[in-house]
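Chemist: Provided below: structure-v7.txt, containing compact mmCIF, C-alpha atoms.
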```txt
# COMPACT_ATOMS: atom_id res chain seq x y z
CA MET A 1 239.32 43.98 -13.48
CA PRO A 2 238.19 45.71 -16.72
CA LEU A 3 234.90 44.66 -18.19
CA GLU A 4 234.95 42.52 -21.32
CA SER A 5 233.50 43.87 -24.51
CA PRO A 6 230.43 42.08 -25.91
CA LEU A 7 232.44 40.68 -28.82
CA SER A 8 235.12 39.29 -26.48
CA PHE A 9 232.41 37.74 -24.34
CA PHE A 10 230.80 35.92 -27.25
CA THR A 11 234.20 34.82 -28.58
CA SER A 12 235.16 33.30 -25.25
CA ALA A 13 231.70 31.78 -24.88
CA SER A 14 232.09 30.12 -28.26
CA SER A 15 235.39 28.44 -27.44
CA PHE A 16 234.22 27.53 -23.94
CA SER A 17 231.03 25.93 -25.20
CA ARG A 18 232.92 23.79 -27.70
CA LEU A 19 235.65 22.59 -25.31
CA SER A 20 234.29 22.59 -21.78
CA TRP A 21 230.48 22.39 -21.85
CA PRO A 22 229.54 20.35 -24.91
CA GLN A 23 226.39 19.16 -23.20
CA TYR A 24 224.92 22.67 -23.24
CA ASP A 25 223.58 23.52 -26.67
CA LEU A 26 220.50 24.84 -28.41
CA ASN A 27 220.40 22.31 -31.21
CA VAL A 28 216.76 21.35 -30.75
CA ALA A 29 215.57 24.86 -29.88
CA SER A 30 217.24 26.50 -32.88
CA GLY A 31 215.73 23.89 -35.16
CA ILE A 32 212.10 24.02 -34.02
CA ALA A 33 211.99 27.77 -33.29
CA ILE A 34 211.31 28.51 -36.95
CA PHE A 35 207.91 26.82 -36.66
CA PHE A 36 206.50 29.28 -34.13
CA GLY A 37 204.50 32.37 -35.02
CA GLY A 38 202.98 31.11 -38.27
CA LYS A 39 199.70 33.00 -38.01
CA ALA A 40 201.47 36.22 -37.04
CA ALA A 41 203.86 35.86 -39.99
CA VAL A 42 200.94 35.58 -42.42
CA SER A 43 199.23 38.62 -40.87
CA ALA A 44 202.40 40.71 -41.07
CA LEU A 45 202.86 39.69 -44.71
CA ALA A 46 199.25 40.68 -45.49
CA LEU A 47 199.94 44.23 -44.29
CA GLN A 48 202.73 44.83 -46.81
CA PRO A 49 200.40 46.11 -49.61
CA PHE A 50 198.98 48.66 -47.14
CA TYR A 51 202.39 49.99 -46.14
CA GLY A 52 203.86 50.13 -49.65
CA ARG A 53 207.44 50.16 -48.32
CA ILE A 54 209.81 47.80 -50.11
CA TRP A 55 212.26 47.76 -47.19
CA HIS A 56 209.70 46.15 -44.88
CA GLY A 57 210.13 42.49 -44.05
CA TRP A 58 213.89 42.17 -44.51
CA TYR A 59 214.51 40.30 -41.26
CA ASN A 60 214.93 36.69 -40.15
CA ALA A 61 211.42 35.72 -39.11
CA PRO A 62 209.79 32.51 -37.85
CA GLY A 63 206.58 31.07 -39.26
CA CYS A 64 207.58 30.76 -42.94
CA HIS A 65 206.00 27.31 -43.04
CA ALA A 66 202.58 28.97 -42.56
CA ILE A 67 203.26 31.31 -45.48
CA VAL A 68 204.18 28.30 -47.62
CA TRP A 69 200.92 26.60 -46.64
CA GLU A 70 198.75 29.63 -47.40
CA LEU A 71 200.36 30.25 -50.79
CA VAL A 72 200.22 26.58 -51.79
CA ARG A 73 196.57 26.39 -50.77
CA THR A 74 195.87 29.51 -52.82
CA LEU A 75 197.41 27.96 -55.92
CA LEU A 76 195.84 24.52 -55.47
CA GLN A 77 192.27 25.81 -55.10
CA GLY A 78 192.05 26.88 -58.75
CA SER A 79 193.97 27.81 -61.85
CA VAL A 80 197.14 29.85 -61.62
CA SER A 81 195.55 32.67 -63.62
CA SER A 82 192.62 33.20 -61.17
CA TYR A 83 194.63 33.47 -57.98
CA SER A 84 193.89 37.09 -56.90
CA GLU A 85 190.57 36.45 -55.14
CA ARG A 86 191.88 33.40 -53.30
CA LEU A 87 195.10 35.17 -52.33
CA SER A 88 193.21 38.03 -50.68
CA LEU A 89 191.12 35.50 -48.75
CA SER A 90 194.18 33.46 -47.69
CA LEU A 91 196.01 36.52 -46.38
CA GLY A 92 192.95 37.95 -44.64
CA LEU A 93 192.57 40.99 -46.90
CA ASP A 94 188.98 39.97 -47.59
CA GLY A 95 186.45 37.45 -46.40
CA LYS A 96 185.21 38.79 -43.06
CA LYS A 97 181.46 39.13 -42.68
CA GLY A 98 180.13 42.57 -41.93
CA PRO A 99 177.03 43.54 -39.91
CA LYS A 100 173.44 43.89 -41.03
CA TYR A 101 172.70 46.64 -43.53
CA ILE A 102 169.36 48.44 -43.91
CA ALA A 103 168.88 50.76 -46.90
CA SER A 104 166.64 53.63 -45.82
CA GLN A 105 165.27 54.57 -49.26
CA SER A 106 165.21 51.35 -51.28
CA GLY A 107 164.20 49.16 -48.34
CA THR A 108 166.94 46.61 -49.05
CA VAL A 109 168.00 44.54 -46.04
CA MET A 110 171.26 42.55 -46.07
CA GLN A 111 171.78 40.27 -43.10
CA HIS A 112 175.51 40.04 -43.83
CA THR A 113 177.76 42.47 -45.64
CA ARG A 114 181.36 42.15 -46.77
CA HIS A 115 184.87 42.93 -45.57
CA LEU A 116 184.84 46.73 -45.92
CA ALA A 117 181.63 46.93 -43.91
CA TYR A 118 183.26 44.80 -41.21
CA MET A 119 186.16 47.25 -41.07
CA LEU A 120 183.81 50.21 -40.67
CA ALA A 121 181.73 48.58 -37.96
CA ASN A 122 184.48 47.05 -35.86
CA SER A 123 187.64 49.10 -36.22
CA ASN A 124 188.88 52.44 -34.99
CA TRP A 125 188.49 53.68 -38.52
CA ARG A 126 189.61 57.21 -37.96
CA ASN A 127 191.39 59.03 -35.16
CA GLU A 128 188.87 61.82 -34.98
CA GLU A 129 187.62 63.21 -31.70
CA SER A 130 184.13 61.92 -31.01
CA LYS A 131 181.38 64.42 -30.30
CA PRO A 132 179.54 63.47 -27.09
CA VAL A 133 175.79 63.36 -26.91
CA VAL A 134 174.94 64.07 -23.30
CA GLY A 135 171.67 62.74 -21.93
CA GLN A 136 170.23 62.15 -18.48
CA ARG A 137 170.10 58.37 -18.86
CA ARG A 138 173.44 56.55 -19.11
CA SER A 139 173.28 53.09 -20.58
CA PRO A 140 175.81 50.43 -19.49
CA THR A 141 176.43 49.86 -23.20
CA PRO A 142 176.68 53.24 -24.94
CA MET A 143 176.66 53.32 -28.71
CA GLN A 144 178.91 55.01 -31.22
CA LEU A 145 177.43 56.48 -34.37
CA MET A 146 179.49 57.27 -37.46
CA ILE A 147 178.19 59.24 -40.43
CA VAL A 148 180.15 58.50 -43.61
CA ASP A 149 179.45 60.81 -46.56
CA PHE A 150 180.76 59.72 -49.96
CA ASN A 151 181.17 63.14 -51.51
CA LYS A 152 183.67 61.81 -54.07
CA LYS A 153 183.30 58.80 -56.32
CA VAL A 154 184.96 55.59 -55.13
CA PRO A 155 187.26 54.29 -57.91
CA THR A 156 187.15 50.55 -58.54
CA GLY A 157 188.82 47.92 -60.73
CA ASN A 158 192.13 48.99 -62.22
CA ASN A 159 191.43 52.56 -61.09
CA THR A 160 191.29 51.61 -57.41
CA LEU A 161 193.25 54.02 -55.24
CA PRO A 162 196.18 52.32 -53.46
CA PRO A 163 195.33 51.83 -49.77
CA ARG A 164 198.07 53.27 -47.59
CA SER A 165 198.70 53.37 -43.86
CA SER A 166 201.63 54.62 -41.77
CA ARG A 167 200.52 53.13 -38.46
CA TYR A 168 203.30 51.13 -36.77
CA SER A 169 205.29 51.33 -40.03
CA SER A 170 208.58 51.95 -38.21
CA LEU A 171 208.32 48.76 -36.15
CA PRO A 172 209.97 46.44 -38.75
CA ILE A 173 213.12 48.59 -38.56
CA ILE A 174 213.77 47.15 -35.09
CA ALA A 175 213.52 43.57 -36.38
CA SER A 176 215.78 44.32 -39.37
CA ALA A 177 218.37 46.03 -37.17
CA THR A 178 218.37 43.07 -34.77
CA SER A 179 218.95 40.58 -37.62
CA ILE A 180 221.82 42.70 -38.99
CA ALA A 181 223.38 42.96 -35.52
CA ALA A 182 223.02 39.18 -35.08
CA CYS A 183 224.89 38.63 -38.37
CA ALA A 184 227.67 40.97 -37.21
CA ILE A 185 228.10 39.12 -33.91
CA CYS A 186 228.14 35.76 -35.69
CA ALA A 187 230.90 37.08 -37.95
CA SER A 188 232.88 38.28 -34.93
CA VAL A 189 232.92 34.77 -33.43
CA ASP A 190 233.66 33.17 -36.83
CA ASP A 191 230.35 31.31 -36.91
CA TRP A 192 229.75 31.67 -40.63
CA LEU A 193 227.14 28.92 -40.69
CA SER A 194 224.81 30.78 -38.30
CA LEU A 195 225.47 34.01 -40.16
CA LYS A 196 224.44 32.41 -43.45
CA MET A 197 221.25 30.99 -41.91
CA ILE A 198 220.24 34.36 -40.46
CA LEU A 199 221.07 36.05 -43.76
CA LEU A 200 219.06 33.39 -45.62
CA GLY A 201 216.03 34.20 -43.45
CA MET A 202 216.44 37.93 -44.09
CA VAL A 203 216.68 37.51 -47.87
CA SER A 204 213.85 34.95 -48.05
CA SER A 205 211.46 37.04 -45.96
CA GLY A 206 212.52 40.22 -47.75
CA ILE A 207 211.91 38.88 -51.25
CA THR A 208 208.48 37.53 -50.33
CA SER A 209 207.53 40.81 -48.63
CA PHE A 210 208.79 42.79 -51.64
CA ILE A 211 206.64 40.76 -54.03
CA ILE A 212 203.49 41.13 -51.91
CA CYS A 213 204.26 44.81 -51.20
CA THR A 214 204.42 45.68 -54.89
CA GLY A 215 201.09 43.96 -55.56
CA ASN A 216 197.97 45.93 -56.38
CA VAL A 217 194.88 45.86 -54.15
CA THR A 218 191.77 46.34 -56.29
CA LEU A 219 188.14 46.83 -55.31
CA GLU A 220 185.54 44.98 -57.38
CA ARG A 221 181.82 45.78 -57.17
CA LEU A 222 178.63 45.22 -59.11
CA LYS A 223 177.21 48.11 -61.08
CA PRO A 224 173.69 48.95 -59.88
CA ALA A 225 170.76 49.25 -62.27
CA ASP A 226 169.94 52.62 -63.78
CA GLY A 227 167.46 54.76 -61.89
CA VAL A 228 167.99 53.18 -58.47
CA PRO A 229 167.55 55.53 -55.47
CA PRO A 230 170.55 56.74 -53.44
CA GLY A 231 172.21 54.04 -51.39
CA ASP A 232 171.71 55.75 -48.03
CA GLY A 233 171.45 53.28 -45.20
CA MET A 234 173.03 52.03 -42.00
CA LEU A 235 175.26 49.24 -40.79
CA LEU A 236 173.93 48.03 -37.47
CA SER A 237 175.99 46.16 -34.86
CA ASP A 238 175.63 45.77 -31.10
CA ASP A 239 177.61 48.87 -30.12
CA ARG A 240 178.00 50.89 -33.31
CA ILE A 241 175.81 52.34 -36.04
CA VAL A 242 177.47 53.40 -39.28
CA ILE A 243 175.43 55.70 -41.51
CA LEU A 244 176.37 55.51 -45.21
CA ARG A 245 175.25 58.37 -47.44
CA GLY A 246 175.99 58.63 -51.14
CA ASN A 247 175.35 57.10 -54.55
CA GLU A 248 174.21 53.50 -54.73
CA GLU A 249 177.42 52.32 -56.42
CA ASP A 250 179.63 53.97 -53.78
CA VAL A 251 177.65 52.46 -50.92
CA ASN A 252 177.74 49.11 -52.74
CA ALA A 253 181.52 49.30 -52.64
CA VAL A 254 181.28 49.02 -48.85
CA THR A 255 178.42 46.56 -48.50
CA LYS A 256 179.13 44.28 -51.49
CA GLY A 257 182.66 45.15 -52.68
CA LYS A 258 185.38 42.49 -52.92
CA LEU A 259 189.07 43.15 -52.42
CA ARG A 260 191.60 41.47 -54.72
CA LEU A 261 195.39 41.29 -54.52
CA LYS A 262 197.23 41.07 -57.83
CA VAL A 263 201.01 40.57 -57.87
CA LYS A 264 203.35 41.11 -60.76
CA GLY A 265 203.93 37.84 -62.57
CA GLY A 266 200.70 36.34 -61.27
CA GLY A 267 200.55 32.86 -59.84
CA TYR A 268 204.02 32.01 -61.09
CA THR A 269 205.49 34.68 -58.81
CA LEU A 270 203.67 33.04 -55.91
CA LEU A 271 205.36 29.76 -56.84
CA LEU A 272 208.70 31.55 -56.51
CA CYS A 273 207.69 32.76 -53.03
CA VAL A 274 206.75 29.21 -52.07
CA PHE A 275 210.11 27.87 -53.25
CA ILE A 276 212.12 30.54 -51.40
CA ALA A 277 210.20 30.14 -48.13
CA LEU A 278 210.39 26.35 -48.33
CA LEU A 279 214.13 26.56 -48.96
CA GLN A 280 214.54 28.74 -45.89
CA VAL A 281 212.60 26.37 -43.64
CA THR A 282 214.49 23.30 -44.89
CA LEU A 283 218.02 24.72 -44.68
CA GLN A 284 217.53 26.35 -41.28
CA LEU A 285 216.00 23.18 -39.87
CA VAL A 286 218.89 21.04 -41.14
CA PHE A 287 221.93 23.25 -40.55
CA MET A 288 221.19 25.46 -37.52
CA PRO A 289 221.82 22.64 -34.98
CA PHE A 290 225.46 22.62 -36.19
CA GLY A 291 226.06 26.27 -35.29
CA SER A 292 228.03 27.42 -32.25
CA LEU A 293 226.31 28.37 -29.01
CA PRO A 294 226.70 32.16 -29.59
CA GLY A 295 225.51 31.71 -33.19
CA GLN A 296 222.46 29.79 -32.08
CA LEU A 297 221.74 32.44 -29.46
CA MET A 298 221.92 35.16 -32.12
CA PHE A 299 219.68 33.12 -34.40
CA LEU A 300 217.09 32.73 -31.64
CA LEU A 301 217.41 36.41 -30.75
CA SER A 302 216.66 37.47 -34.33
CA LEU A 303 213.67 35.10 -34.43
CA SER A 304 212.39 36.36 -31.07
CA VAL A 305 212.52 40.05 -32.00
CA SER A 306 211.06 39.57 -35.48
CA GLY A 307 208.44 37.17 -34.14
CA GLY A 308 207.46 39.74 -31.52
CA CYS A 309 207.23 42.39 -34.25
CA ASN A 310 204.99 40.14 -36.34
CA LEU A 311 202.84 39.31 -33.33
CA TYR A 312 202.29 42.98 -32.53
CA LEU A 313 201.43 43.82 -36.14
CA SER A 314 199.06 40.86 -36.18
CA ALA A 315 197.27 42.24 -33.11
CA LYS A 316 196.96 45.64 -34.84
CA GLU A 317 195.98 44.20 -38.23
CA ASP A 318 192.41 45.58 -38.22
CA ASP A 319 193.66 48.99 -37.12
CA VAL A 320 196.17 49.17 -39.98
CA GLN A 321 193.66 47.88 -42.53
CA SER A 322 190.94 50.29 -41.48
CA SER A 323 193.24 53.32 -41.72
CA ALA A 324 194.48 52.18 -45.14
CA LEU A 325 190.96 51.73 -46.47
CA ILE A 326 190.27 55.44 -45.96
CA THR A 327 192.39 56.17 -49.02
CA LEU A 328 190.89 53.27 -50.97
CA LEU A 329 187.41 54.78 -50.44
CA ASN A 330 188.70 58.16 -51.64
CA THR A 331 188.73 59.66 -48.14
CA PRO A 332 185.02 60.16 -47.40
CA GLU A 333 183.89 62.70 -44.83
CA VAL A 334 183.36 61.12 -41.42
CA LYS A 335 181.61 62.44 -38.32
CA THR A 336 181.65 60.41 -35.12
CA TYR A 337 179.25 60.68 -32.16
CA GLU A 338 179.32 58.97 -28.79
CA ALA A 339 175.76 58.39 -27.62
CA ASN A 340 175.16 57.68 -23.94
CA SER A 341 172.19 55.48 -24.78
CA ARG A 342 170.64 53.54 -27.62
CA ALA A 343 167.76 56.03 -27.76
CA ALA A 344 170.14 58.93 -28.45
CA ALA A 345 171.86 56.88 -31.17
CA ALA A 346 168.48 56.04 -32.73
CA ALA A 347 167.48 59.70 -32.80
CA LEU A 348 170.80 60.61 -34.46
CA ALA A 349 170.36 57.87 -37.06
CA CYS A 350 166.88 59.11 -37.93
CA LEU A 351 168.13 62.67 -38.33
CA ALA A 352 171.03 61.56 -40.53
CA LEU A 353 168.93 59.38 -42.84
CA CYS A 354 165.52 61.05 -42.84
CA TRP A 355 165.95 64.81 -42.45
CA GLU A 356 166.80 65.60 -46.08
CA SER A 357 165.57 62.47 -47.87
CA GLY A 358 162.03 62.39 -46.47
CA THR A 359 162.37 58.70 -45.57
CA PRO A 360 159.81 57.62 -42.92
CA PRO A 361 161.67 57.60 -39.56
CA GLU A 362 159.56 54.70 -38.27
CA GLN A 363 161.53 52.25 -40.42
CA ILE A 364 164.84 53.35 -38.88
CA LEU A 365 163.57 53.38 -35.31
CA ARG A 366 162.06 49.91 -35.69
CA GLU A 367 165.51 48.46 -36.46
CA ILE A 368 167.30 50.09 -33.53
CA VAL A 369 164.95 50.37 -30.55
CA PRO A 370 161.85 48.53 -29.28
CA ILE A 371 158.74 50.41 -30.33
CA LYS A 372 156.03 48.16 -28.87
CA PRO A 373 156.33 49.17 -25.17
CA ARG A 374 154.03 52.13 -24.55
CA ALA A 375 156.73 54.50 -23.31
CA TRP A 376 158.90 53.75 -26.32
CA ARG A 377 155.88 54.07 -28.62
CA ALA A 378 155.12 57.54 -27.29
CA TRP A 379 158.77 58.54 -27.63
CA CYS A 380 158.90 57.29 -31.22
CA ASP A 381 155.85 59.38 -32.06
CA PHE A 382 157.59 62.52 -30.78
CA VAL A 383 160.76 61.77 -32.79
CA VAL A 384 158.83 60.98 -35.98
CA GLU A 385 156.69 64.08 -35.68
CA SER A 386 159.64 66.39 -35.09
CA ILE A 387 161.59 65.05 -38.07
CA LYS A 388 158.62 65.00 -40.45
CA ARG A 389 157.83 68.62 -39.63
CA LYS A 390 161.54 69.49 -39.74
CA ASN A 391 161.35 71.32 -36.47
CA THR A 392 164.62 73.03 -35.62
CA GLY A 393 164.16 71.89 -32.03
CA PHE A 394 162.84 68.66 -30.57
CA VAL A 395 159.12 69.01 -29.86
CA TYR A 396 157.67 67.19 -26.86
CA GLY A 397 154.03 67.43 -25.89
CA PHE A 398 150.83 65.50 -25.31
CA ASN A 399 149.69 62.73 -27.64
CA GLU A 400 147.29 59.80 -27.42
CA SER A 401 149.94 57.21 -26.66
CA LYS A 402 151.21 59.29 -23.74
CA GLY A 403 147.84 59.50 -22.04
CA ASP A 404 147.69 55.83 -21.02
CA LEU A 405 151.12 55.70 -19.34
CA ASN A 406 151.53 54.92 -15.66
CA ASP A 407 154.04 56.69 -13.39
CA ARG A 408 156.90 54.29 -14.13
CA GLU A 409 156.36 54.58 -17.88
CA ARG A 410 156.13 58.38 -17.66
CA LYS A 411 159.48 58.47 -15.86
CA LEU A 412 161.08 56.35 -18.59
CA LEU A 413 159.53 58.54 -21.27
CA LEU A 414 161.04 61.67 -19.73
CA GLU A 415 164.48 60.06 -19.76
CA LEU A 416 164.06 59.01 -23.40
CA VAL A 417 162.94 62.52 -24.30
CA ASP A 418 166.08 63.93 -22.68
CA ASP A 419 168.19 61.61 -24.89
CA ALA A 420 166.35 62.76 -28.00
CA HIS A 421 166.79 66.42 -27.00
CA ALA A 422 170.55 65.95 -26.65
CA ALA A 423 170.83 64.14 -29.99
CA TYR A 424 168.62 66.67 -31.77
CA ASP A 425 170.56 69.67 -30.42
CA GLN A 426 173.95 68.18 -31.29
CA TYR A 427 172.98 67.18 -34.83
CA THR A 428 171.28 70.46 -35.74
CA LYS A 429 174.25 72.38 -34.37
CA ASP A 430 176.80 70.36 -36.37
CA HIS A 431 174.83 70.61 -39.61
CA GLY A 432 173.85 74.26 -39.34
CA ILE A 433 170.11 73.61 -38.99
CA PHE A 434 168.42 76.62 -37.34
```
Show this structure as structure tokens.
Modeler:
Amino acid sequence: MPLESPLSFFTSASSFSRLSWPQYDLNVASGIAIFFGGKAAVSALALQPFYGRIWHGWYNAPGCHAIVWELVRTLLQGSVSSYSERLSLSLGLDGKKGPKYIASQSGTVMQHTRHLAYMLANSNWRNEESKPVVGQRRSPTPMQLMIVDFNKKVPTGNNTLPPRSSRYSSLPIIASATSIAACAICASVDDWLSLKMILLGMVSSGITSFIICTGNVTLERLKPADGVPPGDGMLLSDDRIVILRGNEEDVNAVTKGKLRLKVKGGGYTLLLCVFIALLQVTLQLVFMPFGSLPGQLMFLLSLSVSGGCNLYLSAKEDDVQSSALITLLNTPEVKTYEANSRAAAAALACLALCWESGTPPEQILREIVPIKPRAWRAWCDFVVESIKRKNTGFVYGFNESKGDLNDRERKLLLELVDDAHAAYDQYTKDHGIF
């Protein structure tokens, strides 16, 4: 017997479900399915300004009620004209707390920094091959060290460079194609009600995505006082050290900068988004239970695929944001090192912040490693002495703090010295110091 085509199968299933098996339906499921995936829908919407593609988001997606809630909350928390700061916080474009920041030259210490610093310290900010620092001692928690040089000025305000990312940008095509195919199958079985509901979801989600996509992400920062020293310093977290080198105002953009999202038409455009999304939720909730079984299946299929797409983008949100912020910061130069131990990372940090500036290395070491134990104290003395004298190779010899060490402490010191040697050799090689 020849196989039935998919369209014939759904046509026969439609008539069979209406005449023979009326007890089997998806009335409840098709109605409540739109309320799943709210958080993922908001996260996927927040990525639209980073992609900058107006064809993103044109698919029937669940979770529009969460978008309605976030936009309404944004508008109710203040005047319509001052929405941009609250909108960026509601969508997750700003508001995360970054790690501790220590300025090496001015001595400023910030216990918490802002969103851009969080991105640098926690995300895979750049797909660049890390340069290993090989030492004898391998710590169970190795550290990564990133050196970010702001060689070009970071534009802010209305001159902010548009953040752009292409990571996972082709994924929404799958969701859009599935929604279009679902509409075609609904048309083939003459279920025009389900087709209209799927099409309504596509148009509603598409318009909202288009409005957010065409918005402008701006970076706001405070202008530092005249005559302040360079903003060189480090962001310090448990497993990563980020060295920032450049002018005070450029470093401030990372540690103190605020991201804003401004859409054309302002808060009144957001009201339009609220109305469209609310209309989608209401009509789909009321009318989808009256669709045929194949139509309801296609509706749920479109929601499942688009919901899965949103969920995946939500899981990769930090990755997409961090890659987009490279362009916003005017593409600074980045070098990445993988240190096998905290001692190697500390030595690298001292070299990066103190070699050219003349900053006392003790201040940097004190923030990263313990300097009170005698073995560590002796090691710190060697590192400080080598950097202050600008020796092209790490110098290790006798000093007063080494003389009082017992055998166990001497063994630890030798391992720490090996870490410093590896860090010193790698850094001087990369920066042409001979």
Chemist: Emit as AutoDock Vina command-line options the padded axis-aligned box for all listed atoms of segment 269-279 of chain A, 6 Å per side, with centre and edge lengths in Å to one decimal.
Modeler:
```
--center_x 208.9 --center_y 30.5 --center_z -53.5 --size_x 22.5 --size_y 20.3 --size_z 22.7
```
Chemist: Would you pick out the contacts of segment 171-188 of chain A at 6 Å or less, using all atoms listed in the file, so that residues sharing its chain but fewer than 2 positions from it are not included, and give the list as a compact mmCIF listing (two decimals) with C-alpha atoms, keeping the file's coordinate frame?
Modeler:
```txt
# COMPACT_ATOMS: atom_id res chain seq x y z
CA TRP A 58 213.89 42.17 -44.51
CA TYR A 59 214.51 40.30 -41.26
CA TYR A 168 203.30 51.13 -36.77
CA SER A 169 205.29 51.33 -40.03
CA ASP A 190 233.66 33.17 -36.83
CA ASP A 191 230.35 31.31 -36.91
CA LEU A 195 225.47 34.01 -40.16
CA GLY A 295 225.51 31.71 -33.19
CA MET A 298 221.92 35.16 -32.12
CA SER A 302 216.66 37.47 -34.33
CA VAL A 305 212.52 40.05 -32.00
CA SER A 306 211.06 39.57 -35.48
```
Chemist: Quick one: residues within 8 Å of segment 150-165 of chain A, all atoms listed in the file, excluding same-chain residues fewer than 5 positions away - as a VMD selection string?
Modeler: chain A and resid 49 to 52 216 to 221 244 to 247 250 to 251 253 320 to 321 323 to 330 332 to 333
Chemist: Residues of segment 160-270 of chain A within 10 Å of segment 85-97 of chain A: nearest atom pair and distance (Å, one decimal) for each, counting all atoms listed in the file, sorted by chain and number, as JSON lines?
Modeler:
```
{"residue": "A:Val217", "atom": "CA", "partner": "A:Ser88", "partner_atom": "CA", "distance": 8.7}
{"residue": "A:Thr255", "atom": "CA", "partner": "A:Lys97", "partner_atom": "CA", "distance": 9.9}
{"residue": "A:Gly257", "atom": "CA", "partner": "A:Asp94", "partner_atom": "CA", "distance": 9.6}
{"residue": "A:Lys258", "atom": "CA", "partner": "A:Asp94", "partner_atom": "CA", "distance": 6.9}
{"residue": "A:Leu259", "atom": "CA", "partner": "A:Asp94", "partner_atom": "CA", "distance": 5.8}
{"residue": "A:Arg260", "atom": "CA", "partner": "A:Glu85", "partner_atom": "CA", "distance": 5.1}
{"residue": "A:Leu261", "atom": "CA", "partner": "A:Ser88", "partner_atom": "CA", "distance": 5.5}
{"residue": "A:Lys262", "atom": "CA", "partner": "A:Leu87", "partner_atom": "CA", "distance": 8.3}
{"residue": "A:Val263", "atom": "CA", "partner": "A:Leu87", "partner_atom": "CA", "distance": 9.7}
{"residue": "A:Gly267", "atom": "CA", "partner": "A:Leu87", "partner_atom": "CA", "distance": 9.6}
{"residue": "A:Leu270", "atom": "CA", "partner": "A:Leu87", "partner_atom": "CA", "distance": 9.5}
```
Chemist: Measuring atom to atom with all atoms listed in the file, identify which of A:Trp55, A:Trp69, A:Tyr101, A:Tyr337 is nearest to Lys39 of chain A.
Modeler: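 Using all atoms listed in the file, Lys39 of chain A sits closest to A:Trp69.
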Chemist: Using all atoms listed in the file, find the one residue out of A:Met197, A:Ala225, A:Leu235, A:Leu76 that sits nearest to Gln296 of chain A.
Modeler: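 Of A:Met197, A:Ala225, A:Leu235, A:Leu76, the one nearest Gln296 of chain A, counting all atoms listed in the file, is A:Met197.
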Chemist: Please determine, counting only C-alpha atoms, which residue among A:Gly266, A:Pro99, A:Pro140, A:Pro370 has the shortest atom-to-atom distance to Val242 of chain A.
Modeler: A:Pro99
Chemist: Please, what distance in Å, to one decimal, runs between atom CA of Thr208 of chain A and atom CA of Phe290 of chain A?
Modeler: 26.7 Å
Chemist: Which one is closest to Ser170 of chain A: A:Arg114, A:His56, A:Arg389, A:Lys196? Count all atoms listed in the file.
Modeler: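 Ranking A:Arg114, A:His56, A:Arg389, A:Lys196 by distance to Ser170 of chain A, first place goes to A:His56.
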Chemist: How far is it from atom CA of Ile212 of chain A to atom CA of Gly57 of chain A, in Å with one decimal?
Modeler: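 Those two atoms sit 10.4 Å apart.
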Chemist: Since the input lacks some atoms of segment 281-288 of chain A, please model N, CA, C and O atoms and print them as a PDB file, keeping the file's coordinate frame.
Modeler:
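For reference, rebuild-v4.pdb as written:
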```pdb
ATOM      1  N   VAL A 281     213.000  27.284 -44.719  1.00  0.00           N
ATOM      2  CA  VAL A 281     212.600  26.370 -43.640  1.00  0.00           C
ATOM      3  C   VAL A 281     213.481  25.128 -43.633  1.00  0.00           C
ATOM      4  O   VAL A 281     213.974  24.690 -42.580  1.00  0.00           O
ATOM      5  N   THR A 282     213.723  24.560 -44.797  1.00  0.00           N
ATOM      6  CA  THR A 282     214.490  23.300 -44.890  1.00  0.00           C
ATOM      7  C   THR A 282     215.929  23.495 -44.456  1.00  0.00           C
ATOM      8  O   THR A 282     216.457  22.731 -43.629  1.00  0.00           O
ATOM      9  N   LEU A 283     216.603  24.516 -44.992  1.00  0.00           N
ATOM     10  CA  LEU A 283     218.020  24.720 -44.680  1.00  0.00           C
ATOM     11  C   LEU A 283     218.227  25.111 -43.231  1.00  0.00           C
ATOM     12  O   LEU A 283     219.169  24.632 -42.582  1.00  0.00           O
ATOM     13  N   GLN A 284     217.381  25.964 -42.688  1.00  0.00           N
ATOM     14  CA  GLN A 284     217.530  26.350 -41.280  1.00  0.00           C
ATOM     15  C   GLN A 284     217.270  25.173 -40.355  1.00  0.00           C
ATOM     16  O   GLN A 284     217.950  25.021 -39.334  1.00  0.00           O
ATOM     17  N   LEU A 285     216.302  24.344 -40.701  1.00  0.00           N
ATOM     18  CA  LEU A 285     216.000  23.180 -39.870  1.00  0.00           C
ATOM     19  C   LEU A 285     217.151  22.181 -39.870  1.00  0.00           C
ATOM     20  O   LEU A 285     217.479  21.583 -38.843  1.00  0.00           O
ATOM     21  N   VAL A 286     217.819  22.033 -41.021  1.00  0.00           N
ATOM     22  CA  VAL A 286     218.890  21.040 -41.140  1.00  0.00           C
ATOM     23  C   VAL A 286     220.212  21.549 -40.577  1.00  0.00           C
ATOM     24  O   VAL A 286     220.916  20.819 -39.857  1.00  0.00           O
ATOM     25  N   PHE A 287     220.574  22.796 -40.842  1.00  0.00           N
ATOM     26  CA  PHE A 287     221.930  23.250 -40.550  1.00  0.00           C
ATOM     27  C   PHE A 287     222.081  24.030 -39.241  1.00  0.00           C
ATOM     28  O   PHE A 287     223.186  24.092 -38.703  1.00  0.00           O
ATOM     29  N   MET A 288     221.023  24.651 -38.722  1.00  0.00           N
ATOM     30  CA  MET A 288     221.190  25.460 -37.520  1.00  0.00           C
ATOM     31  C   MET A 288     221.668  24.668 -36.309  1.00  0.00           C
ATOM     32  O   MET A 288     222.437  25.187 -35.485  1.00  0.00           O
TER      33      MET A 288
END
```
